[in-house]
>>> print(open('protein17.json').read())   # JSON, C-alpha atoms and all ligand atoms
[["chain", "number", "residue", "atom", "x", "y", "z"],
["I", 4, "MET", "CA", -14.68, -15.11, 6.81],
["I", 5, "THR", "CA", -15.62, -12.96, 3.81],
["I", 6, "ARG", "CA", -17.37, -14.82, 1.02],
["I", 7, "ARG", "CA", -16.10, -13.94, -2.45],
["I", 8, "GLN", "CA", -17.58, -14.45, -5.86],
["I", 9, "LEU", "CA", -15.67, -16.92, -8.03],
["I", 10, "ILE", "CA", -15.60, -17.52, -11.80],
["I", 11, "VAL", "CA", -14.01, -20.66, -13.23],
["I", 12, "ILE", "CA", -12.02, -20.19, -16.46],
["I", 13, "GLY", "CA", -12.63, -23.21, -18.69],
["I", 14, "GLY", "CA", -15.50, -25.67, -18.56],
["I", 15, "GLY", "CA", -13.84, -29.03, -19.23],
["I", 16, "GLU", "CA", -13.09, -32.07, -17.10],
["I", 17, "HIS", "CA", -10.68, -30.43, -14.65],
["I", 18, "ALA", "CA", -13.13, -27.55, -14.15],
["I", 19, "ALA", "CA", -15.66, -29.89, -12.55],
["I", 20, "VAL", "CA", -13.09, -30.96, -9.96],
["I", 21, "VAL", "CA", -12.14, -27.37, -9.19],
["I", 22, "VAL", "CA", -15.84, -26.49, -8.83],
["I", 23, "ASP", "CA", -16.28, -29.33, -6.32],
["I", 24, "ALA", "CA", -13.30, -28.03, -4.34],
["I", 25, "ALA", "CA", -14.76, -24.52, -4.22],
["I", 26, "ARG", "CA", -18.17, -25.92, -3.26],
["I", 27, "SER", "CA", -16.56, -27.74, -0.32],
["I", 28, "ALA", "CA", -15.90, -24.30, 1.21],
["I", 29, "PRO", "CA", -19.30, -22.59, 0.84],
["I", 30, "ASP", "CA", -18.52, -19.99, 3.51],
["I", 31, "ARG", "CA", -15.62, -18.81, 1.35],
["I", 32, "TRP", "CA", -16.75, -19.00, -2.30],
["I", 33, "GLU", "CA", -19.93, -18.08, -4.11],
["I", 34, "LEU", "CA", -19.68, -19.66, -7.56],
["I", 35, "VAL", "CA", -20.94, -17.34, -10.27],
["I", 36, "GLY", "CA", -20.34, -19.36, -13.44],
["I", 37, "PHE", "CA", -17.68, -20.43, -15.93],
["I", 38, "SER", "CA", -16.14, -19.18, -19.16],
["I", 39, "ASP", "CA", -15.37, -21.30, -22.19],
["I", 40, "PRO", "CA", -14.97, -20.38, -25.87],
["I", 41, "ASP", "CA", -16.81, -23.53, -26.89],
["I", 42, "PRO", "CA", -18.56, -25.35, -24.05],
["I", 43, "GLY", "CA", -19.96, -28.77, -24.79],
["I", 44, "PRO", "CA", -23.75, -29.18, -24.77],
["I", 45, "ASP", "CA", -23.69, -30.73, -21.29],
["I", 46, "ALA", "CA", -21.15, -28.39, -19.67],
["I", 47, "GLU", "CA", -23.64, -26.31, -17.69],
["I", 48, "ALA", "CA", -25.41, -29.39, -16.35],
["I", 49, "ARG", "CA", -22.11, -31.11, -15.51],
["I", 50, "LEU", "CA", -20.70, -28.14, -13.61],
["I", 51, "GLY", "CA", -24.06, -27.08, -12.20],
["I", 52, "LEU", "CA", -23.13, -23.52, -13.19],
["I", 53, "PRO", "CA", -24.19, -21.02, -15.85],
["I", 54, "TRP", "CA", -21.96, -20.43, -18.89],
["I", 55, "LEU", "CA", -20.88, -16.77, -18.92],
["I", 56, "GLY", "CA", -19.43, -16.70, -22.45],
["I", 57, "ASP", "CA", -15.80, -16.74, -23.55],
["I", 58, "ASP", "CA", -12.89, -15.21, -21.60],
["I", 59, "GLN", "CA", -13.47, -11.84, -23.31],
["I", 60, "ALA", "CA", -17.07, -11.80, -22.06],
["I", 61, "VAL", "CA", -15.90, -12.53, -18.52],
["I", 62, "ALA", "CA", -13.16, -9.87, -18.67],
["I", 63, "SER", "CA", -15.67, -7.20, -19.74],
["I", 64, "ARG", "CA", -18.46, -8.21, -17.32],
["I", 65, "PRO", "CA", -19.81, -5.26, -15.39],
["I", 66, "VAL", "CA", -19.26, -5.40, -11.66],
["I", 67, "GLU", "CA", -22.37, -4.99, -9.48],
["I", 68, "GLY", "CA", -22.38, -1.66, -7.62],
["I", 69, "GLY", "CA", -20.28, -1.71, -4.48],
["I", 70, "SER", "CA", -19.02, -5.28, -4.86],
["I", 71, "ASP", "CA", -15.51, -6.47, -5.65],
["I", 72, "LYS", "CA", -14.67, -7.98, -9.01],
["I", 73, "PRO", "CA", -15.09, -11.75, -8.74],
["I", 74, "SER", "CA", -11.96, -13.81, -8.21],
["I", 75, "LEU", "CA", -10.94, -16.20, -10.97],
["I", 76, "VAL", "CA", -9.55, -19.72, -10.95],
["I", 77, "LEU", "CA", -8.30, -21.86, -13.83],
["I", 78, "GLY", "CA", -10.49, -24.83, -14.69],
["I", 79, "ILE", "CA", -8.07, -25.84, -17.46],
["I", 80, "GLY", "CA", -6.04, -28.86, -16.41],
["I", 81, "LEU", "CA", -3.38, -30.46, -18.54],
["I", 82, "SER", "CA", -2.31, -27.92, -21.17],
["I", 83, "VAL", "CA", 0.26, -25.59, -19.65],
["I", 84, "ALA", "CA", 0.17, -23.43, -22.79],
["I", 85, "ALA", "CA", -3.59, -22.95, -22.47],
["I", 86, "ARG", "CA", -3.30, -22.26, -18.74],
["I", 87, "ARG", "CA", -0.60, -19.64, -19.26],
["I", 88, "ALA", "CA", -2.49, -18.03, -22.16],
["I", 89, "ALA", "CA", -5.64, -17.71, -20.05],
["I", 90, "VAL", "CA", -3.74, -16.09, -17.19],
["I", 91, "ASP", "CA", -2.00, -13.67, -19.58],
["I", 92, "ALA", "CA", -5.36, -12.76, -21.15],
["I", 93, "PHE", "CA", -6.80, -11.64, -17.81],
["I", 94, "GLY", "CA", -3.89, -9.35, -16.93],
["I", 95, "THR", "CA", -4.28, -8.08, -13.38],
["I", 96, "ALA", "CA", -7.25, -10.25, -12.34],
["I", 97, "SER", "CA", -7.49, -11.48, -8.77],
["I", 98, "TRP", "CA", -6.71, -15.21, -8.81],
["I", 99, "ALA", "CA", -8.20, -17.31, -6.04],
["I", 100, "VAL", "CA", -6.39, -19.94, -3.99],
["I", 101, "ILE", "CA", -8.79, -22.88, -3.65],
["I", 102, "VAL", "CA", -8.17, -25.53, -1.01],
["I", 103, "HIS", "CA", -10.63, -28.44, -0.80],
["I", 104, "ALA", "CA", -12.08, -28.79, 2.70],
["I", 105, "ALA", "CA", -10.73, -32.36, 2.78],
["I", 106, "ALA", "CA", -7.11, -31.32, 2.02],
["I", 107, "TRP", "CA", -4.42, -30.50, 4.57],
["I", 108, "VAL", "CA", -2.19, -27.47, 4.05],
["I", 109, "SER", "CA", 0.43, -26.68, 6.67],
["I", 110, "PRO", "CA", 0.17, -23.18, 8.12],
["I", 111, "SER", "CA", 3.85, -22.74, 7.25],
["I", 112, "ALA", "CA", 3.34, -23.56, 3.54],
["I", 113, "THR", "CA", 3.10, -20.76, 0.98],
["I", 114, "LEU", "CA", 0.57, -21.01, -1.86],
["I", 115, "GLY", "CA", 0.88, -18.70, -4.87],
["I", 116, "PRO", "CA", -2.18, -17.04, -6.42],
["I", 117, "GLY", "CA", -4.31, -19.33, -8.56],
["I", 118, "THR", "CA", -3.20, -22.49, -6.76],
["I", 119, "VAL", "CA", -5.70, -25.30, -6.27],
["I", 120, "VAL", "CA", -5.27, -28.05, -3.69],
["I", 121, "LEU", "CA", -7.79, -30.85, -4.31],
["I", 122, "ALA", "CA", -9.50, -33.46, -2.15],
["I", 123, "GLY", "CA", -7.26, -35.60, 0.03],
["I", 124, "ALA", "CA", -4.08, -33.71, -0.87],
["I", 125, "VAL", "CA", -1.39, -32.82, 1.67],
["I", 126, "VAL", "CA", 0.93, -29.83, 1.48],
["I", 127, "ASN", "CA", 3.39, -30.13, 4.31],
["I", 128, "ALA", "CA", 5.47, -27.75, 6.39],
["I", 129, "SER", "CA", 7.37, -24.95, 4.63],
["I", 130, "ALA", "CA", 6.46, -26.11, 1.12],
["I", 131, "THR", "CA", 6.46, -23.24, -1.37],
["I", 132, "LEU", "CA", 3.99, -23.40, -4.23],
["I", 133, "GLY", "CA", 4.21, -20.91, -7.09],
["I", 134, "ARG", "CA", 1.44, -19.31, -9.14],
["I", 135, "HIS", "CA", -1.31, -21.47, -10.63],
["I", 136, "THR", "CA", 0.05, -24.74, -9.32],
["I", 137, "ILE", "CA", -2.20, -27.79, -9.01],
["I", 138, "VAL", "CA", -1.92, -30.27, -6.17],
["I", 139, "ASN", "CA", -4.35, -32.84, -7.47],
["I", 140, "SER", "CA", -6.45, -35.35, -5.53],
["I", 141, "ARG", "CA", -4.47, -37.24, -2.85],
["I", 142, "ALA", "CA", -1.14, -35.85, -4.00],
["I", 143, "VAL", "CA", 1.44, -35.28, -1.27],
["I", 144, "VAL", "CA", 3.80, -32.31, -1.46],
["I", 145, "GLU", "CA", 6.21, -32.91, 1.38],
["I", 146, "HIS", "CA", 7.97, -30.42, 3.63],
["I", 147, "ASP", "CA", 10.21, -27.83, 2.01],
["I", 148, "VAL", "CA", 9.26, -28.79, -1.55],
["I", 149, "GLU", "CA", 9.38, -25.99, -4.09],
["I", 150, "LEU", "CA", 6.70, -26.28, -6.77],
["I", 151, "GLY", "CA", 7.26, -23.80, -9.61],
["I", 152, "ASP", "CA", 4.68, -21.67, -11.36],
["I", 153, "PHE", "CA", 2.08, -23.74, -13.27],
["I", 154, "ALA", "CA", 3.62, -26.98, -11.98],
["I", 155, "HIS", "CA", 1.17, -29.84, -11.39],
["I", 156, "ALA", "CA", 1.38, -32.74, -8.95],
["I", 157, "GLY", "CA", -1.06, -35.25, -10.48],
["I", 158, "PRO", "CA", -3.51, -37.40, -8.53],
["I", 159, "GLY", "CA", -1.71, -39.54, -5.95],
["I", 160, "ALA", "CA", 1.77, -38.19, -6.79],
["I", 161, "VAL", "CA", 4.19, -37.97, -3.88],
["I", 162, "ILE", "CA", 6.99, -35.41, -3.92],
["I", 163, "GLY", "CA", 9.62, -36.02, -1.26],
["I", 164, "GLY", "CA", 10.86, -33.38, 1.15],
["I", 165, "GLY", "CA", 13.02, -30.60, -0.25],
["I", 166, "ALA", "CA", 12.53, -31.61, -3.90],
["I", 167, "ARG", "CA", 12.38, -28.79, -6.43],
["I", 168, "ILE", "CA", 9.82, -29.08, -9.21],
["I", 169, "GLY", "CA", 10.36, -26.52, -11.99],
["I", 170, "ASP", "CA", 7.85, -24.19, -13.59],
["I", 171, "ASP", "CA", 5.35, -26.00, -15.89],
["I", 172, "ALA", "CA", 6.52, -29.46, -14.81],
["I", 173, "PHE", "CA", 4.01, -32.29, -14.36],
["I", 174, "ILE", "CA", 4.19, -35.33, -12.10],
["I", 175, "GLY", "CA", 1.76, -37.96, -13.44],
["I", 176, "LEU", "CA", -0.74, -40.14, -11.58],
["I", 177, "GLY", "CA", 0.95, -41.81, -8.60],
["I", 178, "GLY", "CA", 4.46, -40.66, -9.56],
["I", 179, "LEU", "CA", 7.10, -40.66, -6.83],
["I", 180, "VAL", "CA", 9.91, -38.12, -6.65],
["I", 181, "ARG", "CA", 12.71, -38.83, -4.23],
["I", 182, "ASP", "CA", 13.41, -36.17, -1.63],
["I", 183, "HIS", "CA", 15.80, -33.32, -2.48],
["I", 184, "LEU", "CA", 15.88, -34.03, -6.24],
["I", 185, "SER", "CA", 15.17, -31.52, -9.02],
["I", 186, "VAL", "CA", 12.64, -31.98, -11.78],
["I", 187, "GLY", "CA", 13.43, -29.41, -14.47],
["I", 188, "ARG", "CA", 11.18, -26.81, -15.98],
["I", 189, "GLY", "CA", 8.49, -28.27, -18.24],
["I", 190, "ALA", "CA", 9.51, -31.87, -17.55],
["I", 191, "ILE", "CA", 6.90, -34.65, -17.44],
["I", 192, "VAL", "CA", 7.09, -37.60, -15.05],
["I", 193, "GLY", "CA", 4.92, -40.46, -16.35],
["I", 194, "MET", "CA", 2.21, -42.05, -14.25],
["I", 195, "GLY", "CA", 3.48, -44.54, -11.68],
["I", 196, "SER", "CA", 7.11, -43.58, -12.22],
["I", 197, "VAL", "CA", 9.78, -43.61, -9.54],
["I", 198, "VAL", "CA", 12.18, -40.69, -9.94],
["I", 199, "VAL", "CA", 15.56, -41.46, -8.39],
["I", 200, "ASP", "CA", 17.73, -38.88, -10.22],
["I", 201, "ASP", "CA", 17.34, -35.26, -11.24],
["I", 202, "VAL", "CA", 15.17, -34.82, -14.34],
["I", 203, "ALA", "CA", 16.39, -32.43, -17.05],
["I", 204, "PRO", "CA", 14.22, -29.51, -18.19],
["I", 205, "GLY", "CA", 11.74, -30.60, -20.87],
["I", 206, "ALA", "CA", 12.48, -34.31, -20.42],
["I", 207, "VAL", "CA", 9.72, -36.93, -20.37],
["I", 208, "VAL", "CA", 10.66, -39.74, -17.98],
["I", 209, "ALA", "CA", 8.77, -42.92, -17.15],
["I", 210, "GLY", "CA", 9.15, -46.25, -15.37],
["I", 211, "SER", "CA", 10.76, -47.50, -12.20],
["I", 212, "PRO", "CA", 13.43, -46.30, -11.98],
["I", 213, "ALA", "CA", 12.33, -43.47, -14.26],
["I", 214, "ARG", "CA", 14.26, -43.20, -17.53],
["I", 215, "GLN", "CA", 13.98, -40.59, -20.24],
["I", 216, "ILE", "CA", 11.61, -41.64, -23.03],
["I", 217, "ARG", "CA", 11.37, -38.29, -24.85],
["I", 218, "SER", "CA", 13.01, -34.90, -24.80],
["I", 219, "ASP", "CA", 10.94, -33.07, -27.42],
["I", 220, "VAL", "CA", 8.67, -31.18, -25.07],
["I", 221, "ALA", "CA", 9.09, -27.45, -25.60],
["I", 222, "VAL", "CA", 9.96, -26.03, -22.20],
["I", 223, "GLY", "CA", 7.16, -23.78, -21.04],
["I", 224, "ASP", "CA", 4.79, -25.25, -23.61],
["I", 225, "ALA", "CA", 4.20, -28.70, -22.19],
["I", 226, "ALA", "CA", 0.87, -30.30, -23.02],
["I", 227, "ILE", "CA", 0.68, -33.60, -21.22],
["I", 228, "PRO", "CA", -0.37, -36.44, -23.54],
["I", 229, "VAL", "CA", -3.65, -37.90, -22.35],
["I", 230, "ALA", "CA", -5.62, -40.91, -23.53],
["I", 231, "ALA", "CA", -6.58, -40.31, -27.18],
["I", 232, "ASP", "CA", -10.31, -40.22, -26.54],
["I", 233, "ARG", "CA", -9.89, -37.50, -23.94],
["I", 234, "ALA", "CA", -7.52, -35.14, -25.81],
["I", 301, "LIG", "C1", 4.71, -40.61, -19.81],
["I", 301, "LIG", "C2", 3.62, -40.24, -20.80],
["I", 301, "LIG", "C3", 3.45, -38.69, -20.78],
["I", 301, "LIG", "C4", 4.12, -40.69, -22.16],
["I", 301, "LIG", "O1", 3.14, -40.46, -23.09],
["I", 301, "LIG", "P1", 3.52, -40.67, -24.65],
["I", 301, "LIG", "O2", 4.61, -39.76, -25.03],
["I", 301, "LIG", "O3", 2.23, -40.60, -25.41],
["I", 301, "LIG", "O4", 4.18, -42.11, -24.68],
["I", 301, "LIG", "P2", 3.62, -43.50, -25.23],
["I", 301, "LIG", "O5", 2.31, -43.83, -24.59],
["I", 301, "LIG", "O6", 3.70, -43.44, -26.73],
["I", 301, "LIG", "O7", 4.70, -44.51, -24.66],
["I", 301, "LIG", "C5", 6.05, -44.48, -25.07],
["I", 301, "LIG", "C6", 6.74, -45.65, -24.39],
["I", 301, "LIG", "O8", 6.86, -45.37, -23.00],
["I", 301, "LIG", "C7", 6.15, -46.36, -22.23],
["I", 301, "LIG", "N1", 5.44, -45.65, -21.17],
["I", 301, "LIG", "C8", 4.55, -44.65, -21.31],
["I", 301, "LIG", "N2", 4.15, -44.22, -20.12],
["I", 301, "LIG", "C9", 4.77, -44.97, -19.20],
["I", 301, "LIG", "C10", 4.74, -44.99, -17.80],
["I", 301, "LIG", "N3", 3.99, -44.12, -17.11],
["I", 301, "LIG", "N4", 5.53, -45.87, -17.17],
["I", 301, "LIG", "C11", 6.29, -46.75, -17.86],
["I", 301, "LIG", "N5", 6.36, -46.77, -19.21],
["I", 301, "LIG", "C12", 5.61, -45.88, -19.87],
["I", 301, "LIG", "C13", 5.19, -47.03, -23.22],
["I", 301, "LIG", "O9", 4.90, -48.34, -22.81],
["I", 301, "LIG", "C14", 5.98, -46.95, -24.48],
["I", 301, "LIG", "O10", 6.96, -47.99, -24.47],
["I", 301, "LIG", "P3", 7.42, -48.74, -25.83],
["I", 301, "LIG", "O11", 8.04, -47.68, -26.69],
["I", 301, "LIG", "O12", 8.38, -49.78, -25.32],
["I", 301, "LIG", "O13", 6.16, -49.30, -26.42],
["I", 301, "LIG", "C15", 2.23, -40.88, -20.45],
["I", 301, "LIG", "O14", 2.25, -42.27, -20.64],
["I", 301, "LIG", "C16", 1.80, -40.59, -19.04],
["I", 301, "LIG", "O15", 2.23, -41.22, -18.07],
["I", 301, "LIG", "N6", 0.92, -39.56, -18.92],
["I", 301, "LIG", "C17", 0.45, -39.07, -17.66],
["I", 301, "LIG", "C18", -1.03, -39.39, -17.47],
["I", 301, "LIG", "C19", -1.55, -38.74, -16.24],
["I", 301, "LIG", "O16", -0.91, -38.71, -15.20],
["I", 301, "LIG", "N7", -2.71, -38.14, -16.35],
["I", 301, "LIG", "C20", -3.28, -37.38, -15.26],
["I", 301, "LIG", "C21", -4.69, -37.02, -15.56],
["I", 301, "LIG", "S1", -5.38, -36.14, -14.22]]
>>> encode(input="protein17.json", output="structure tokens", more="lines below")
Ligand SMILES: CC(C)(COP(=O)(O)OP(=O)(O)OC[C@H]1O[C@@H](n2cnc3c(N)ncnc32)[C@H](O)[C@@H]1OP(=O)(O)O)[C@@H](O)C(=O)NCCC(=O)NCCS
Amino acid sequence: MTRRQLIVIGGGEHAAVVVDAARSAPDRWELVGFSDPDPGPDAEARLGLPWLGDDQAVASRPVEGGSDKPSLVLGIGLSVAARRAAVDAFGTASWAVIVHAAAWVSPSATLGPGTVVLAGAVVNASATLGRHTIVNSRAVVEHDVELGDFAHAGPGAVIGGGARIGDDAFIGLGGLVRDHLSVGRGAIVGMGSVVVDDVAPGAVVAGSPARQIRSDVAVGDAAIPVAADRA
């Protein structure tokens, strides 16, 4: 298997998890460093990687003679707007698909460029994952699920067979989505929620059974609210 150089875009909390996933496959990825416009003082130590500058610095990095340009992967987690902006800024970059060595991905599943599948996750038969999707730790994406571009199955989420999760949508920690339902573009399913009906685009639903608690999320611009001290 050819080993490729890899640069992580963003040096925050999610980046550390993505770095661990790449490190679990050392025959596949050689980590070069990370970009961040404003890394915290401990970012290099936390990621165990050198800071390469902001995205501009990474985009204009000279390529060593004879080698390929490094692949990129997003280390930005919860802000869809920031994730999309970073991808747009790099234009035609080569985006890596990172699968943690302790994840299971069916050979019949399709993973779009930039997708990361984290430790303990399962992506089952004939699932179709779009660009820059995240299947977070121990999430289960069942057979025939369609996960749209930039969609994110949070840690421990379970998405039932044949469900369709729209672009930019987010299923929170431990959320359950019944098989064959649709979760609309940019919708947010709260942690621990049980989705038993289709979710409208841009809706925020929570609870068991999940009910709409907000509808003011701009579709395509969803930033998932996190605990205040982590925003
Ligand atoms: C659903 C969520 C996005 C709502 O966030 P918010 O808009 O800031 O909402 P609030 O915390 O102000 O809560 C609004 C109401 O919904 C309730 N609520 C919030 N999240 C809920 C949940 N997951 N299940 C049930 N009820 C919930 C609150 O208790 C509150 O009820 P009240 O009005 O009766 O007091 C958020 O709670 C959530 O689940 N985020 C996902 C976290 C996550 O998965 N992180 C992953 C990190 S890797």
>>> residues_near_point(input="protein17.json", point="(11.2, -29.9, -17.5)", cutoff="12 Å", atoms="only C-alpha atoms", output="ChimeraX atom specification")
/I:83,151,153-155,167-174,185-192,201-208,215,217-227
>>> closest_residue(input="protein17.json", among="I:Arg87, I:Ala122, I:Asn127, I:Gly80", to="Asp152 of chain I", atoms="all atoms listed in the file")
I:Arg87
>>> residues_around(input="protein17.json", residues="Met194 of chain I", least_positions_apart="2", cutoff="8 Å", atoms="only C-alpha atoms", output="list in words")
Ile174, Gly175, Leu176, Gly177, Gly178, Val192, Ser196 and Ala209 of chain I
>>> residues_around(input="protein17.json", residues="Glu145 of chain I", least_positions_apart="6", cutoff="7 Å", atoms="all atoms listed in the file", output="VMD selection string")
chain I and resid 126 to 127 130 162 to 164
>>> axis_aligned_box(input="protein17.json", around="segment 27-34 of chain I", padding_each_side="8 Å", output="lines of an AutoDock Vina configuration file")
center_x = -17.8
center_y = -22.9
center_z = -2.0
size_x = 20.3
size_y = 25.7
size_z = 27.1
>>> build_atoms(input="protein17.json", residues="segment 168-183 of chain I", atoms="N, CA, C and O atoms", output="tab-separated table (two decimals), in the coordinates of the input")
chain	number	residue	atom	x	y	z
I	168	ILE	N	10.54	-28.76	-7.98
I	168	ILE	CA	9.82	-29.08	-9.21
I	168	ILE	C	9.71	-27.78	-10.00
I	168	ILE	O	9.14	-26.80	-9.52
I	169	GLY	N	10.26	-27.77	-11.22
I	169	GLY	CA	10.36	-26.52	-11.99
I	169	GLY	C	9.02	-26.02	-12.50
I	169	GLY	O	8.01	-26.74	-12.51
I	170	ASP	N	9.04	-24.77	-12.97
I	170	ASP	CA	7.85	-24.19	-13.59
I	170	ASP	C	7.34	-25.14	-14.67
I	170	ASP	O	8.12	-25.74	-15.42
I	171	ASP	N	6.02	-25.26	-14.80
I	171	ASP	CA	5.35	-26.00	-15.89
I	171	ASP	C	5.55	-27.52	-15.84
I	171	ASP	O	5.09	-28.21	-16.74
I	172	ALA	N	6.27	-28.00	-14.86
I	172	ALA	CA	6.52	-29.46	-14.81
I	172	ALA	C	5.26	-30.19	-14.34
I	172	ALA	O	4.38	-29.62	-13.69
I	173	PHE	N	5.19	-31.48	-14.69
I	173	PHE	CA	4.01	-32.29	-14.36
I	173	PHE	C	4.47	-33.63	-13.82
I	173	PHE	O	5.29	-34.32	-14.42
I	174	ILE	N	3.92	-34.00	-12.67
I	174	ILE	CA	4.19	-35.33	-12.10
I	174	ILE	C	2.91	-36.12	-12.27
I	174	ILE	O	1.87	-35.78	-11.71
I	175	GLY	N	2.97	-37.21	-13.08
I	175	GLY	CA	1.76	-37.96	-13.44
I	175	GLY	C	1.17	-38.75	-12.29
I	175	GLY	O	1.76	-38.88	-11.20
I	176	LEU	N	0.02	-39.33	-12.55
I	176	LEU	CA	-0.74	-40.14	-11.58
I	176	LEU	C	0.19	-41.05	-10.78
I	176	LEU	O	0.90	-41.89	-11.35
I	177	GLY	N	0.20	-40.89	-9.47
I	177	GLY	CA	0.95	-41.81	-8.60
I	177	GLY	C	2.46	-41.75	-8.75
I	177	GLY	O	3.15	-42.64	-8.23
I	178	GLY	N	3.00	-40.75	-9.41
I	178	GLY	CA	4.46	-40.66	-9.56
I	178	GLY	C	5.13	-40.36	-8.23
I	178	GLY	O	4.56	-39.68	-7.37
I	179	LEU	N	6.34	-40.89	-8.07
I	179	LEU	CA	7.10	-40.66	-6.83
I	179	LEU	C	8.39	-39.92	-7.17
I	179	LEU	O	9.12	-40.34	-8.07
I	180	VAL	N	8.66	-38.87	-6.44
I	180	VAL	CA	9.91	-38.12	-6.65
I	180	VAL	C	10.68	-38.16	-5.34
I	180	VAL	O	10.18	-37.71	-4.29
I	181	ARG	N	11.87	-38.71	-5.43
I	181	ARG	CA	12.71	-38.83	-4.23
I	181	ARG	C	13.01	-37.45	-3.63
I	181	ARG	O	13.12	-36.46	-4.36
I	182	ASP	N	13.14	-37.43	-2.32
I	182	ASP	CA	13.41	-36.17	-1.63
I	182	ASP	C	14.68	-35.49	-2.16
I	182	ASP	O	15.62	-36.15	-2.60
I	183	HIS	N	14.66	-34.19	-2.16
I	183	HIS	CA	15.80	-33.32	-2.48
I	183	HIS	C	16.27	-33.39	-3.93
I	183	HIS	O	17.34	-32.86	-4.26
